[in-house]
>>> print(open('target18.txt').read())   # compact mmCIF, C-alpha atoms and all ligand atoms
# COMPACT_ATOMS: atom_id res chain seq x y z
CA MET A 118 4.51 -3.01 -22.10
CA PHE A 119 6.77 -4.51 -19.43
CA GLU A 120 8.46 -7.82 -20.02
CA VAL A 121 10.81 -10.08 -18.12
CA GLU A 122 12.28 -12.90 -20.17
CA ALA A 123 14.22 -15.90 -18.80
CA LEU A 124 15.52 -13.79 -15.93
CA SER A 125 17.91 -15.34 -13.42
CA ALA A 126 19.48 -13.56 -10.48
CA GLY A 127 21.02 -14.44 -7.14
CA VAL A 128 21.74 -13.14 -3.66
CA GLY A 129 24.07 -15.13 -1.36
CA SER A 130 23.37 -18.79 -2.05
CA PHE A 131 19.79 -18.11 -3.20
CA ARG A 132 18.98 -18.38 -6.91
CA LEU A 133 15.99 -17.03 -8.80
CA GLU A 134 15.71 -19.04 -12.02
CA ASN A 135 14.18 -18.45 -15.43
CA ILE A 136 11.41 -15.95 -14.64
CA PHE A 137 8.99 -14.74 -17.33
CA LEU A 138 6.56 -11.85 -16.79
CA SER A 139 4.56 -9.76 -19.19
CA LEU A 140 2.43 -6.78 -18.32
CA ASN A 141 0.47 -4.37 -20.51
CA GLU A 142 -0.04 -0.72 -19.68
CA GLY A 143 -2.59 -0.30 -16.88
CA GLU A 144 -2.30 -3.92 -15.77
CA CYS A 145 -1.31 -5.22 -12.39
CA GLN A 146 0.53 -8.48 -11.87
CA ALA A 147 0.74 -9.99 -8.40
CA VAL A 148 3.69 -12.12 -7.34
CA LEU A 149 2.65 -14.62 -4.68
CA GLY A 150 4.74 -17.16 -2.85
CA PRO A 151 5.76 -18.47 0.54
CA SER A 152 8.24 -16.56 2.69
CA GLY A 153 11.76 -16.83 1.25
CA SER A 154 10.58 -17.84 -2.24
CA GLY A 155 12.35 -14.90 -3.90
CA LYS A 156 9.60 -12.31 -4.37
CA SER A 157 11.61 -9.37 -3.02
CA THR A 158 14.71 -10.58 -4.88
CA LEU A 159 12.71 -10.49 -8.12
CA LEU A 160 11.63 -6.88 -7.48
CA SER A 161 15.19 -6.00 -6.53
CA ALA A 162 16.54 -7.49 -9.80
CA ILE A 163 13.95 -5.50 -11.80
CA LEU A 164 14.91 -2.35 -9.92
CA GLY A 165 18.58 -2.92 -10.68
CA ALA A 166 19.63 -3.44 -7.05
CA THR A 167 20.35 -7.18 -7.40
CA PRO A 168 22.65 -8.29 -10.25
CA VAL A 169 20.98 -10.21 -13.07
CA THR A 170 22.95 -13.29 -14.16
CA SER A 171 21.00 -13.88 -17.39
CA GLY A 172 17.81 -12.87 -19.18
CA HIS A 173 16.17 -9.60 -20.20
CA ILE A 174 14.04 -6.85 -18.68
CA ARG A 175 12.17 -4.64 -21.15
CA LEU A 176 10.06 -1.55 -20.53
CA GLY A 177 8.32 -0.11 -23.59
CA ASP A 178 10.92 -0.09 -26.37
CA ASP A 179 13.87 -0.10 -23.96
CA GLU A 180 15.89 -3.06 -22.78
CA ILE A 181 16.69 -1.90 -19.23
CA THR A 182 18.37 -5.07 -17.90
CA TYR A 183 21.68 -3.35 -17.16
CA TRP A 184 20.54 0.27 -16.90
CA PRO A 185 21.45 2.19 -13.76
CA MET A 186 18.65 2.13 -11.24
CA GLU A 187 17.81 5.85 -11.44
CA GLN A 188 17.32 5.75 -15.23
CA ARG A 189 14.69 3.00 -15.18
CA ARG A 190 11.78 5.26 -14.17
CA LEU A 191 10.37 2.73 -11.75
CA GLY A 192 8.37 3.59 -8.65
CA TYR A 193 9.11 1.41 -5.65
CA VAL A 194 7.47 0.84 -2.28
CA PRO A 195 9.82 -1.48 -0.38
CA GLN A 196 8.66 -3.87 2.33
CA HIS A 197 9.92 -1.54 5.06
CA LEU A 198 8.89 1.55 3.09
CA GLY A 199 12.37 3.12 2.90
CA LEU A 200 11.23 6.61 3.94
CA PHE A 201 13.94 9.05 5.04
CA PRO A 202 13.43 9.56 8.79
CA HIS A 203 15.40 12.83 8.90
CA LEU A 204 13.21 14.48 6.22
CA SER A 205 9.68 15.84 6.51
CA VAL A 206 6.80 14.14 4.70
CA ARG A 207 6.86 16.93 2.09
CA ASP A 208 10.58 16.43 1.39
CA ASN A 209 10.15 12.67 1.24
CA LEU A 210 7.39 13.10 -1.34
CA ARG A 211 9.48 15.44 -3.49
CA TYR A 212 12.51 13.19 -3.31
CA SER A 213 11.86 10.84 -6.24
CA ALA A 214 10.78 13.67 -8.57
CA ARG A 215 13.87 15.68 -7.61
CA ALA A 216 16.13 12.65 -8.05
CA ARG A 217 14.81 12.47 -11.62
CA LYS A 218 15.43 16.22 -11.95
CA LEU A 219 11.81 16.89 -12.90
CA ALA A 220 10.74 20.54 -13.09
CA ARG A 221 8.34 21.56 -10.30
CA ASN A 222 5.48 22.05 -12.77
CA ASP A 223 5.95 18.52 -14.05
CA PHE A 224 5.35 16.80 -10.76
CA GLU A 225 3.54 19.18 -8.35
CA PRO A 226 0.04 18.81 -9.92
CA LEU A 227 0.21 15.00 -9.74
CA LEU A 228 1.69 15.16 -6.25
CA ASP A 229 -1.09 17.51 -5.07
CA LYS A 230 -3.72 15.16 -6.46
CA LEU A 231 -2.15 12.10 -4.82
CA VAL A 232 -1.88 13.96 -1.51
CA GLU A 233 -5.55 14.85 -1.74
CA ILE A 234 -6.74 11.35 -2.67
CA THR A 235 -4.71 9.71 0.09
CA ASN A 236 -5.66 12.41 2.60
CA ILE A 237 -2.13 13.09 3.82
CA GLY A 238 -2.24 16.89 3.39
CA LYS A 239 -2.26 17.47 7.13
CA LEU A 240 0.93 15.42 7.51
CA LEU A 241 3.14 17.34 5.08
CA ASN A 242 5.18 19.19 7.71
CA ARG A 243 5.52 16.23 10.07
CA GLN A 244 8.71 14.18 10.51
CA ILE A 245 8.43 10.54 9.38
CA GLY A 246 9.20 9.27 12.90
CA THR A 247 6.00 10.83 14.23
CA LEU A 248 3.65 9.05 11.78
CA SER A 249 1.54 5.95 12.42
CA GLY A 250 2.18 2.79 10.37
CA GLY A 251 -0.77 3.46 8.06
CA GLU A 252 0.24 7.09 7.53
CA ARG A 253 3.77 6.00 6.62
CA GLN A 254 2.38 3.47 4.16
CA ARG A 255 0.31 6.13 2.40
CA VAL A 256 3.30 8.49 2.25
CA ALA A 257 5.47 5.72 0.76
CA LEU A 258 2.82 4.96 -1.88
CA VAL A 259 2.46 8.62 -2.86
CA ARG A 260 6.25 9.01 -2.99
CA ALA A 261 6.56 6.05 -5.36
CA LEU A 262 3.85 7.44 -7.67
CA ALA A 263 4.82 11.13 -7.56
CA ALA A 264 7.45 10.96 -10.29
CA ASN A 265 4.91 9.37 -12.65
CA PRO A 266 6.81 6.09 -13.03
CA ARG A 267 6.34 3.79 -16.01
CA LEU A 268 5.84 0.89 -13.61
CA VAL A 269 5.44 0.76 -9.86
CA LEU A 270 6.85 -2.11 -7.79
CA LEU A 271 4.94 -2.70 -4.58
CA ASP A 272 6.53 -5.03 -2.01
CA GLU A 273 3.75 -5.97 0.43
CA PRO A 274 2.83 -2.32 0.90
CA PHE A 275 -0.46 -2.83 2.71
CA THR A 276 0.32 -5.57 5.23
CA ALA A 277 0.56 -3.44 8.37
CA LEU A 278 -2.74 -1.66 7.73
CA ASN A 279 -6.12 -2.31 9.26
CA GLU A 280 -8.81 -3.84 7.05
CA THR A 281 -10.63 -0.57 6.26
CA LEU A 282 -7.52 1.38 5.33
CA ARG A 283 -6.12 -1.51 3.31
CA LYS A 284 -9.29 -1.72 1.22
CA GLU A 285 -9.33 2.07 0.74
CA LEU A 286 -5.81 1.86 -0.64
CA TRP A 287 -6.77 -1.07 -2.90
CA TRP A 288 -9.49 1.12 -4.41
CA LEU A 289 -7.03 3.97 -4.71
CA VAL A 290 -4.54 1.83 -6.62
CA LYS A 291 -7.38 0.56 -8.85
CA GLU A 292 -8.45 4.14 -9.50
CA LEU A 293 -4.89 5.12 -10.40
CA GLN A 294 -4.67 2.15 -12.73
CA ARG A 295 -7.86 3.21 -14.47
CA GLU A 296 -7.18 6.95 -14.54
CA ARG A 297 -3.46 7.02 -15.24
CA GLY A 298 -2.85 3.65 -16.89
CA LEU A 299 -0.64 2.78 -13.94
CA SER A 300 1.12 -0.57 -14.32
CA ALA A 301 2.06 -2.32 -11.12
CA LEU A 302 3.93 -5.38 -9.96
CA LEU A 303 2.67 -6.30 -6.53
CA VAL A 304 4.32 -8.68 -4.08
CA THR A 305 1.84 -9.98 -1.55
CA HIS A 306 1.05 -12.95 0.69
CA ASP A 307 -2.64 -12.18 0.52
CA LEU A 308 -4.62 -14.03 -2.16
CA THR A 309 -7.62 -11.70 -1.72
CA GLU A 310 -5.39 -8.67 -2.24
CA ALA A 311 -3.81 -10.30 -5.31
CA TYR A 312 -7.25 -11.15 -6.65
CA PHE A 313 -8.61 -7.66 -6.06
CA LEU A 314 -5.71 -5.72 -7.52
CA ALA A 315 -4.15 -7.95 -10.13
CA ASP A 316 -5.09 -9.08 -13.62
CA LYS A 317 -2.43 -11.79 -13.63
CA ILE A 318 -0.82 -13.79 -10.87
CA THR A 319 2.61 -15.42 -10.74
CA VAL A 320 3.41 -18.00 -8.07
CA LEU A 321 7.05 -18.34 -7.00
CA ILE A 322 8.22 -21.24 -4.87
CA ASN A 323 11.91 -21.73 -3.96
CA GLY A 324 13.04 -19.26 -6.60
CA ARG A 325 11.11 -21.04 -9.37
CA GLN A 326 8.11 -19.72 -11.24
CA GLU A 327 5.58 -22.50 -10.70
CA GLN A 328 2.66 -20.84 -12.49
CA SER A 329 1.88 -17.57 -14.20
CA ASP A 330 -1.63 -17.05 -15.54
CA ASN A 331 -4.64 -14.81 -15.42
CA LYS A 332 -6.09 -14.77 -11.93
CA THR A 333 -9.14 -16.89 -12.65
CA THR A 334 -7.05 -19.73 -14.07
CA ILE A 335 -4.65 -19.71 -11.11
CA TYR A 336 -7.59 -19.69 -8.72
CA GLN A 337 -9.56 -22.49 -10.36
CA HIS A 338 -6.75 -24.56 -11.92
CA PRO A 339 -3.50 -24.58 -9.96
CA ALA A 340 -0.72 -26.03 -12.15
CA ASN A 341 0.72 -28.45 -9.61
CA LEU A 342 0.49 -29.73 -6.06
CA ALA A 343 2.88 -27.09 -4.67
CA VAL A 344 0.74 -24.25 -6.07
CA ALA A 345 -2.52 -25.89 -4.90
CA ARG A 346 -1.10 -26.27 -1.39
CA PHE A 347 0.28 -22.75 -1.40
CA LEU A 348 -3.18 -21.46 -2.36
CA GLY A 349 -4.48 -23.18 0.76
CA ILE A 350 -6.61 -25.80 -1.02
CA LYS A 351 -7.18 -28.66 1.43
CA ASN A 352 -9.60 -30.68 -0.70
CA LEU A 353 -6.99 -32.75 -2.56
CA PHE A 354 -7.64 -36.48 -2.91
CA PRO A 355 -5.31 -39.19 -4.31
CA ALA A 356 -6.56 -40.74 -7.55
CA THR A 357 -5.26 -42.80 -10.47
CA VAL A 358 -5.84 -42.24 -14.17
CA VAL A 359 -7.77 -45.29 -15.41
CA LYS A 360 -8.71 -44.07 -18.91
CA SER A 361 -7.10 -41.56 -21.21
CA SER A 362 -8.42 -40.31 -24.56
CA GLU A 363 -8.53 -37.25 -26.80
CA GLU A 364 -11.43 -35.88 -24.73
CA GLY A 365 -9.68 -36.16 -21.39
CA ILE A 366 -9.03 -38.56 -18.55
CA GLU A 367 -11.05 -40.68 -16.19
CA ALA A 368 -9.62 -40.83 -12.69
CA ASP A 369 -10.58 -43.30 -10.03
CA CYS A 370 -10.58 -41.78 -6.56
CA PRO A 371 -10.99 -44.45 -3.84
CA ALA A 372 -11.00 -41.79 -1.08
CA LEU A 373 -14.28 -40.39 -2.50
CA ALA A 374 -15.46 -43.73 -3.97
CA HIS A 375 -15.97 -41.99 -7.31
CA SER A 376 -14.60 -41.82 -10.84
CA PHE A 377 -14.21 -38.34 -12.28
CA ARG A 378 -14.17 -37.44 -15.98
CA LEU A 379 -11.74 -34.55 -16.27
CA GLN A 380 -10.13 -32.42 -18.94
CA GLY A 381 -6.43 -32.77 -19.77
CA HIS A 382 -4.07 -35.57 -20.62
CA ALA A 383 -2.01 -38.08 -18.66
CA PRO A 384 -1.13 -41.73 -19.30
CA VAL A 385 -3.19 -44.48 -17.69
CA GLY A 386 -1.67 -45.34 -14.30
CA THR A 387 -0.55 -41.77 -13.49
CA ALA A 388 -0.93 -40.93 -9.81
CA ILE A 389 -2.77 -37.63 -9.44
CA ARG A 390 -4.73 -35.62 -6.89
CA VAL A 391 -8.22 -34.45 -7.70
CA GLY A 392 -9.14 -31.20 -6.02
CA ILE A 393 -11.96 -28.76 -5.54
CA ARG A 394 -12.02 -25.27 -4.09
CA PRO A 395 -14.06 -25.09 -0.87
CA GLU A 396 -16.54 -22.61 -2.39
CA ASN A 397 -17.27 -24.94 -5.32
CA VAL A 398 -18.67 -27.76 -3.17
CA MET A 399 -22.48 -27.82 -3.58
CA VAL A 400 -24.88 -28.29 -0.69
CA CYS A 401 -27.93 -30.26 -1.87
CA ASP A 402 -31.57 -30.65 -0.89
CA GLU A 403 -34.80 -31.55 -2.79
CA ASP A 404 -34.82 -28.17 -4.51
CA HIS A 405 -31.09 -28.36 -5.34
CA PRO A 406 -30.42 -31.95 -6.35
CA PRO A 407 -26.96 -33.10 -7.51
CA CYS A 408 -26.29 -33.60 -11.25
CA PRO A 409 -25.98 -37.18 -12.59
CA ASN A 410 -22.15 -37.34 -12.75
CA ASP A 411 -21.46 -35.51 -9.51
CA CYS A 412 -19.70 -37.20 -6.62
CA VAL A 413 -22.43 -37.26 -3.96
CA LEU A 414 -21.64 -37.70 -0.28
CA SER A 415 -23.68 -37.74 2.87
CA GLY A 416 -22.32 -36.73 6.28
CA THR A 417 -22.27 -34.24 9.11
CA ILE A 418 -20.98 -30.70 9.36
CA ARG A 419 -18.96 -28.62 11.82
CA LEU A 420 -19.17 -24.97 11.00
CA ILE A 421 -17.48 -21.74 11.92
CA ASP A 422 -19.12 -18.41 11.21
CA MET A 423 -16.60 -16.08 9.52
CA GLY A 424 -18.98 -13.12 9.07
CA VAL A 425 -20.07 -12.87 5.44
CA ASN A 426 -19.07 -16.51 4.83
CA VAL A 427 -19.32 -19.69 6.82
CA ALA A 428 -16.52 -22.29 6.82
CA MET A 429 -17.65 -25.90 7.19
CA HIS A 430 -15.86 -29.18 7.78
CA PHE A 431 -17.80 -32.06 6.26
CA HIS A 432 -17.26 -35.45 7.92
CA SER A 433 -18.43 -38.81 6.68
CA PRO A 434 -17.54 -42.33 7.83
CA GLN A 435 -16.70 -43.18 4.17
CA LEU A 436 -14.03 -40.46 4.08
CA SER A 437 -10.54 -40.66 5.57
CA SER A 438 -10.27 -36.85 5.60
CA ILE A 439 -12.66 -33.93 5.93
CA ILE A 440 -13.96 -31.85 3.02
CA GLU A 441 -13.71 -28.12 3.47
CA ILE A 442 -16.65 -26.03 2.30
CA ILE A 443 -17.03 -22.26 2.28
CA ALA A 444 -20.46 -20.82 1.61
CA PRO A 445 -22.10 -17.42 1.95
CA ARG A 446 -23.94 -17.10 5.25
CA ARG A 447 -27.28 -16.44 3.51
CA LEU A 448 -27.00 -19.81 1.74
CA VAL A 449 -26.23 -21.56 5.04
CA ASN A 450 -29.29 -19.87 6.55
CA ARG A 451 -31.45 -20.91 3.60
CA PHE A 452 -30.37 -24.55 3.99
CA ARG A 453 -30.76 -24.20 7.79
CA ILE A 454 -27.32 -25.68 8.34
CA ALA A 455 -26.14 -25.64 11.94
CA ASN A 456 -23.61 -27.58 14.01
CA ASP A 457 -26.31 -29.96 15.21
CA SER A 458 -27.87 -30.40 11.74
CA PRO A 459 -28.90 -33.92 10.79
CA ARG A 460 -27.02 -35.54 7.92
CA LEU A 461 -26.39 -33.33 4.95
CA THR A 462 -25.84 -34.19 1.29
CA ILE A 463 -23.09 -32.50 -0.69
CA ALA A 464 -22.02 -32.80 -4.32
CA LEU A 465 -18.61 -32.38 -5.92
CA PRO A 466 -19.43 -31.48 -9.54
CA SER A 467 -16.96 -32.88 -12.08
CA SER A 468 -17.03 -29.51 -13.84
CA ALA A 469 -15.59 -27.82 -10.73
CA MET A 470 -12.86 -30.41 -10.10
CA PHE A 471 -9.24 -29.82 -11.11
CA TRP A 472 -6.38 -32.27 -11.02
CA VAL A 473 -2.62 -32.11 -10.54
CA ARG A 474 0.07 -34.78 -10.72
CA ASP A 475 0.93 -36.32 -7.38
CA GLU A 476 4.53 -35.40 -6.56
N1 LIG B 1 21.37 -10.14 0.81
C1 LIG B 1 21.14 -11.44 0.94
N2 LIG B 1 22.16 -12.31 1.19
C2 LIG B 1 21.92 -13.64 1.30
N3 LIG B 1 20.72 -14.20 1.15
C3 LIG B 1 19.68 -13.39 0.91
C4 LIG B 1 19.83 -11.97 0.78
N4 LIG B 1 18.62 -11.43 0.52
C5 LIG B 1 17.74 -12.45 0.50
N5 LIG B 1 18.39 -13.63 0.73
C6 LIG B 1 17.77 -14.96 0.77
O1 LIG B 1 17.14 -15.17 -0.46
C7 LIG B 1 15.92 -15.91 -0.28
C8 LIG B 1 14.76 -15.15 -0.93
O2 LIG B 1 14.54 -13.95 -0.18
P1 LIG B 1 13.39 -12.92 -0.57
O3 LIG B 1 13.48 -11.78 0.40
O4 LIG B 1 13.50 -12.60 -2.00
O5 LIG B 1 12.09 -13.79 -0.29
P2 LIG B 1 10.56 -13.33 -0.22
O6 LIG B 1 9.81 -14.31 -1.04
O7 LIG B 1 10.45 -11.89 -0.57
O8 LIG B 1 10.27 -13.56 1.33
P3 LIG B 1 9.25 -12.79 2.34
O9 LIG B 1 7.88 -13.12 1.87
O10 LIG B 1 9.57 -13.43 3.66
O11 LIG B 1 9.57 -11.33 2.29
C9 LIG B 1 15.75 -16.11 1.22
O12 LIG B 1 16.22 -17.40 1.55
C10 LIG B 1 16.66 -15.05 1.82
O13 LIG B 1 17.18 -15.46 3.07
>>> encode(input="target18.txt", output="structure tokens", more="lines below")
Ligand SMILES: Nc1ncnc2c1ncn2[C@@H]1O[C@H](COP(=O)(O)OP(=O)(O)OP(=O)(O)O)[C@@H](O)[C@H]1O
Amino acid sequence: MFEVEALSAGVGSFRLENIFLSLNEGECQAVLGPSGSGKSTLLSAILGATPVTSGHIRLGDDEITYWPMEQRRLGYVPQHLGLFPHLSVRDNLRYSARARKLARNDFEPLLDKLVEITNIGKLLNRQIGTLSGGERQRVALVRALAANPRLVLLDEPFTALNETLRKELWWLVKELQRERGLSALLVTHDLTEAYFLADKITVLINGRQEQSDNKTTIYQHPANLAVARFLGIKNLFPATVVKSSEEGIEADCPALAHSFRLQGHAPVGTAIRVGIRPENVMVCDEDHPPCPNDCVLSGTIRLIDMGVNVAMHFHSPQLSSIIEIIAPRRLVNRFRIANDSPRLTIALPSSAMFWVRDE
């Protein structure tokens, strides 16, 4: 069990405030946030490289907040990998195990297995400077895992890789999680990567933890406008709470000419935004009619084929902004949607809507 409680830390004039994390063995938590939000600083504080000003870091039964870095038994893949250019791949890989003074028999079998899985055996005698970006990334990952750390901290380790290699490494990390109970804290900009690898997601903005939840909750119910915007949700419409009861709220949304019944509580008169993820917008026809309380709109579509999915911009004279829709290509084919399609009907189901306070 890894736990961060009310952690604050600072570098220069930047402050990371009141961070809480909790991770069980074998779990992965992703830390997402815009550039400069403090993700690397958080990893650095956990590693012991950035001074903690208050709070606690616990690993298993140990409080490690002020332990020297080398005693924490953490694996680390920094943003720029931190490989030693003057050493061979083999010596880089042995470095962390040797730094922990592990006997050869205690780390060589795991190292051999990691080398095999990541297919870097042929690189062992090469100097780091002669490797490609992807090869370096694999070496850095193996080096971080070779000393069998209690937790591995990954700072955007897969960004420079091509799509195929990146996904291979995602599967590899998943496999290591399953096989070895590997716990990982992953800093990434990539929501898909976070979703694939992590069980929980934490969103940091300006050094503050805006939301920390299991990944489905973060994805479907961002906690506030900053998180919703960071997650790239464009379908956010101003609304006002017109009724409030034990069961929830009713929000009037002039932009969509609709009143939504939603879960949660806020006083009458509160300014909010109602939102919907682009993949939750329903395309309707006679065989797929909207439900009675759905917000139903009729308009035209501009679409862009993205491969597996199709992104669509829905326009309607009643709307002051577009509605973004993402649908699998096979669905778009079934509905025969094309750029010159006649008018199309869409539905925004109340059950798929979320809301956040307008800030
Ligand atoms: N050593 C330092 N001295 C002064 N300021 C620093 C130092 N290191 C980081 N900062 C500042 O702290 C803030 C947070 O930086 P950090 O690297 O943690 O952000 P990040 O979320 O990891 O960003 P990115 O996604 O771009 O890597 C930034 O404004 C950065 O300029």
>>> atom_distance(input="target18.txt", atom1="atom CA of Asp411 of chain A", atom2="atom CA of Leu373 of chain A")
11.2 Å
>>> residues_around(input="target18.txt", residues="segment 158-174 of chain A", least_positions_apart="3", cutoff="8 Å", atoms="all atoms listed in the file", output="ChimeraX atom specification")
/A:119-128,133,135,155,180-186,189,191,270,272
>>> write_last_selection(input="target18.txt", atoms="C-alpha atoms", output="PDB file, keeping the file's coordinate frame")
ATOM      1  CA  PHE A 119       6.770  -4.510 -19.430  1.00  0.00           C
ATOM      2  CA  GLU A 120       8.460  -7.820 -20.020  1.00  0.00           C
ATOM      3  CA  VAL A 121      10.810 -10.080 -18.120  1.00  0.00           C
ATOM      4  CA  GLU A 122      12.280 -12.900 -20.170  1.00  0.00           C
ATOM      5  CA  ALA A 123      14.220 -15.900 -18.800  1.00  0.00           C
ATOM      6  CA  LEU A 124      15.520 -13.790 -15.930  1.00  0.00           C
ATOM      7  CA  SER A 125      17.910 -15.340 -13.420  1.00  0.00           C
ATOM      8  CA  ALA A 126      19.480 -13.560 -10.480  1.00  0.00           C
ATOM      9  CA  GLY A 127      21.020 -14.440  -7.140  1.00  0.00           C
ATOM     10  CA  VAL A 128      21.740 -13.140  -3.660  1.00  0.00           C
ATOM     11  CA  LEU A 133      15.990 -17.030  -8.800  1.00  0.00           C
ATOM     12  CA  ASN A 135      14.180 -18.450 -15.430  1.00  0.00           C
ATOM     13  CA  GLY A 155      12.350 -14.900  -3.900  1.00  0.00           C
ATOM     14  CA  GLU A 180      15.890  -3.060 -22.780  1.00  0.00           C
ATOM     15  CA  ILE A 181      16.690  -1.900 -19.230  1.00  0.00           C
ATOM     16  CA  THR A 182      18.370  -5.070 -17.900  1.00  0.00           C
ATOM     17  CA  TYR A 183      21.680  -3.350 -17.160  1.00  0.00           C
ATOM     18  CA  TRP A 184      20.540   0.270 -16.900  1.00  0.00           C
ATOM     19  CA  PRO A 185      21.450   2.190 -13.760  1.00  0.00           C
ATOM     20  CA  MET A 186      18.650   2.130 -11.240  1.00  0.00           C
ATOM     21  CA  ARG A 189      14.690   3.000 -15.180  1.00  0.00           C
ATOM     22  CA  LEU A 191      10.370   2.730 -11.750  1.00  0.00           C
ATOM     23  CA  LEU A 270       6.850  -2.110  -7.790  1.00  0.00           C
ATOM     24  CA  ASP A 272       6.530  -5.030  -2.010  1.00  0.00           C
TER      25      ASP A 272
END
>>> closest_residue(input="target18.txt", among="A:Arg346, A:His375, A:Arg217, A:Arg211", to="Leu465 of chain A", atoms="all atoms listed in the file")
A:His375
>>> closest_residue(input="target18.txt", among="A:Ala277, A:Leu248, A:Leu227, A:Leu299", to="His197 of chain A", atoms="all atoms listed in the file")
A:Ala277
>>> residues_near_ligand(input="target18.txt", ligand="ligand LIG 1 (chain B)", cutoff="6 Å", atoms="only C-alpha atoms and all ligand atoms", output="ChimeraX atom specification")
/A:128-129,131,151-158
>>> write_last_selection(input="target18.txt", atoms="C-alpha atoms", output="JSON list (two decimals), in the frame of the given file")
[["chain", "number", "residue", "atom", "x", "y", "z"],
["A", 128, "VAL", "CA", 21.74, -13.14, -3.66],
["A", 129, "GLY", "CA", 24.07, -15.13, -1.36],
["A", 131, "PHE", "CA", 19.79, -18.11, -3.20],
["A", 151, "PRO", "CA", 5.76, -18.47, 0.54],
["A", 152, "SER", "CA", 8.24, -16.56, 2.69],
["A", 153, "GLY", "CA", 11.76, -16.83, 1.25],
["A", 154, "SER", "CA", 10.58, -17.84, -2.24],
["A", 155, "GLY", "CA", 12.35, -14.90, -3.90],
["A", 156, "LYS", "CA", 9.60, -12.31, -4.37],
["A", 157, "SER", "CA", 11.61, -9.37, -3.02],
["A", 158, "THR", "CA", 14.71, -10.58, -4.88]]
>>> closest_residue(input="target18.txt", among="A:Ser329, A:Asn323, A:Ser433, A:Thr235", to="Val259 of chain A", atoms="all atoms listed in the file")
A:Thr235
>>> build_atoms(input="target18.txt", residues="segment 361-372 of chain A", atoms="N, CA, C and O atoms", output="mmCIF file, in the coordinates of the input")
data_model
loop_
_atom_site.group_PDB
_atom_site.id
_atom_site.type_symbol
_atom_site.label_atom_id
_atom_site.label_comp_id
_atom_site.auth_asym_id
_atom_site.auth_seq_id
_atom_site.Cartn_x
_atom_site.Cartn_y
_atom_site.Cartn_z
ATOM 1 N N SER A 361 -7.643 -42.789 -20.653
ATOM 2 C CA SER A 361 -7.100 -41.560 -21.210
ATOM 3 C C SER A 361 -7.456 -41.516 -22.693
ATOM 4 O O SER A 361 -7.265 -42.501 -23.404
ATOM 5 N N SER A 362 -8.029 -40.410 -23.142
ATOM 6 C CA SER A 362 -8.420 -40.310 -24.560
ATOM 7 C C SER A 362 -8.238 -38.875 -25.006
ATOM 8 O O SER A 362 -7.829 -38.011 -24.219
ATOM 9 N N GLU A 363 -8.587 -38.620 -26.251
ATOM 10 C CA GLU A 363 -8.530 -37.250 -26.800
ATOM 11 C C GLU A 363 -9.346 -36.288 -25.949
ATOM 12 O O GLU A 363 -8.981 -35.142 -25.744
ATOM 13 N N GLU A 364 -10.501 -36.774 -25.465
ATOM 14 C CA GLU A 364 -11.430 -35.880 -24.730
ATOM 15 C C GLU A 364 -10.964 -35.563 -23.320
ATOM 16 O O GLU A 364 -11.401 -34.590 -22.730
ATOM 17 N N GLY A 365 -10.114 -36.419 -22.759
ATOM 18 C CA GLY A 365 -9.680 -36.160 -21.390
ATOM 19 C C GLY A 365 -9.328 -37.444 -20.660
ATOM 20 O O GLY A 365 -9.035 -38.459 -21.289
ATOM 21 N N ILE A 366 -9.390 -37.377 -19.343
ATOM 22 C CA ILE A 366 -9.030 -38.560 -18.550
ATOM 23 C C ILE A 366 -10.200 -38.972 -17.654
ATOM 24 O O ILE A 366 -11.091 -38.167 -17.372
ATOM 25 N N GLU A 367 -10.148 -40.240 -17.255
ATOM 26 C CA GLU A 367 -11.050 -40.680 -16.190
ATOM 27 C C GLU A 367 -10.163 -41.085 -15.023
ATOM 28 O O GLU A 367 -9.188 -41.837 -15.202
ATOM 29 N N ALA A 368 -10.472 -40.562 -13.855
ATOM 30 C CA ALA A 368 -9.620 -40.830 -12.690
ATOM 31 C C ALA A 368 -10.436 -41.479 -11.599
ATOM 32 O O ALA A 368 -11.506 -40.983 -11.232
ATOM 33 N N ASP A 369 -9.896 -42.569 -11.092
ATOM 34 C CA ASP A 369 -10.580 -43.300 -10.030
ATOM 35 C C ASP A 369 -10.061 -42.784 -8.683
ATOM 36 O O ASP A 369 -8.852 -42.782 -8.442
ATOM 37 N N CYS A 370 -10.983 -42.365 -7.841
ATOM 38 C CA CYS A 370 -10.580 -41.780 -6.560
ATOM 39 C C CYS A 370 -11.198 -42.608 -5.422
ATOM 40 O O CYS A 370 -12.349 -42.377 -5.022
ATOM 41 N N PRO A 371 -10.434 -43.592 -4.891
ATOM 42 C CA PRO A 371 -10.990 -44.450 -3.840
ATOM 43 C C PRO A 371 -11.420 -43.650 -2.610
ATOM 44 O O PRO A 371 -12.419 -43.984 -1.959
ATOM 45 N N ALA A 372 -10.688 -42.571 -2.288
ATOM 46 C CA ALA A 372 -11.000 -41.790 -1.080
ATOM 47 C C ALA A 372 -12.428 -41.232 -1.132
ATOM 48 O O ALA A 372 -13.085 -41.066 -0.100
#
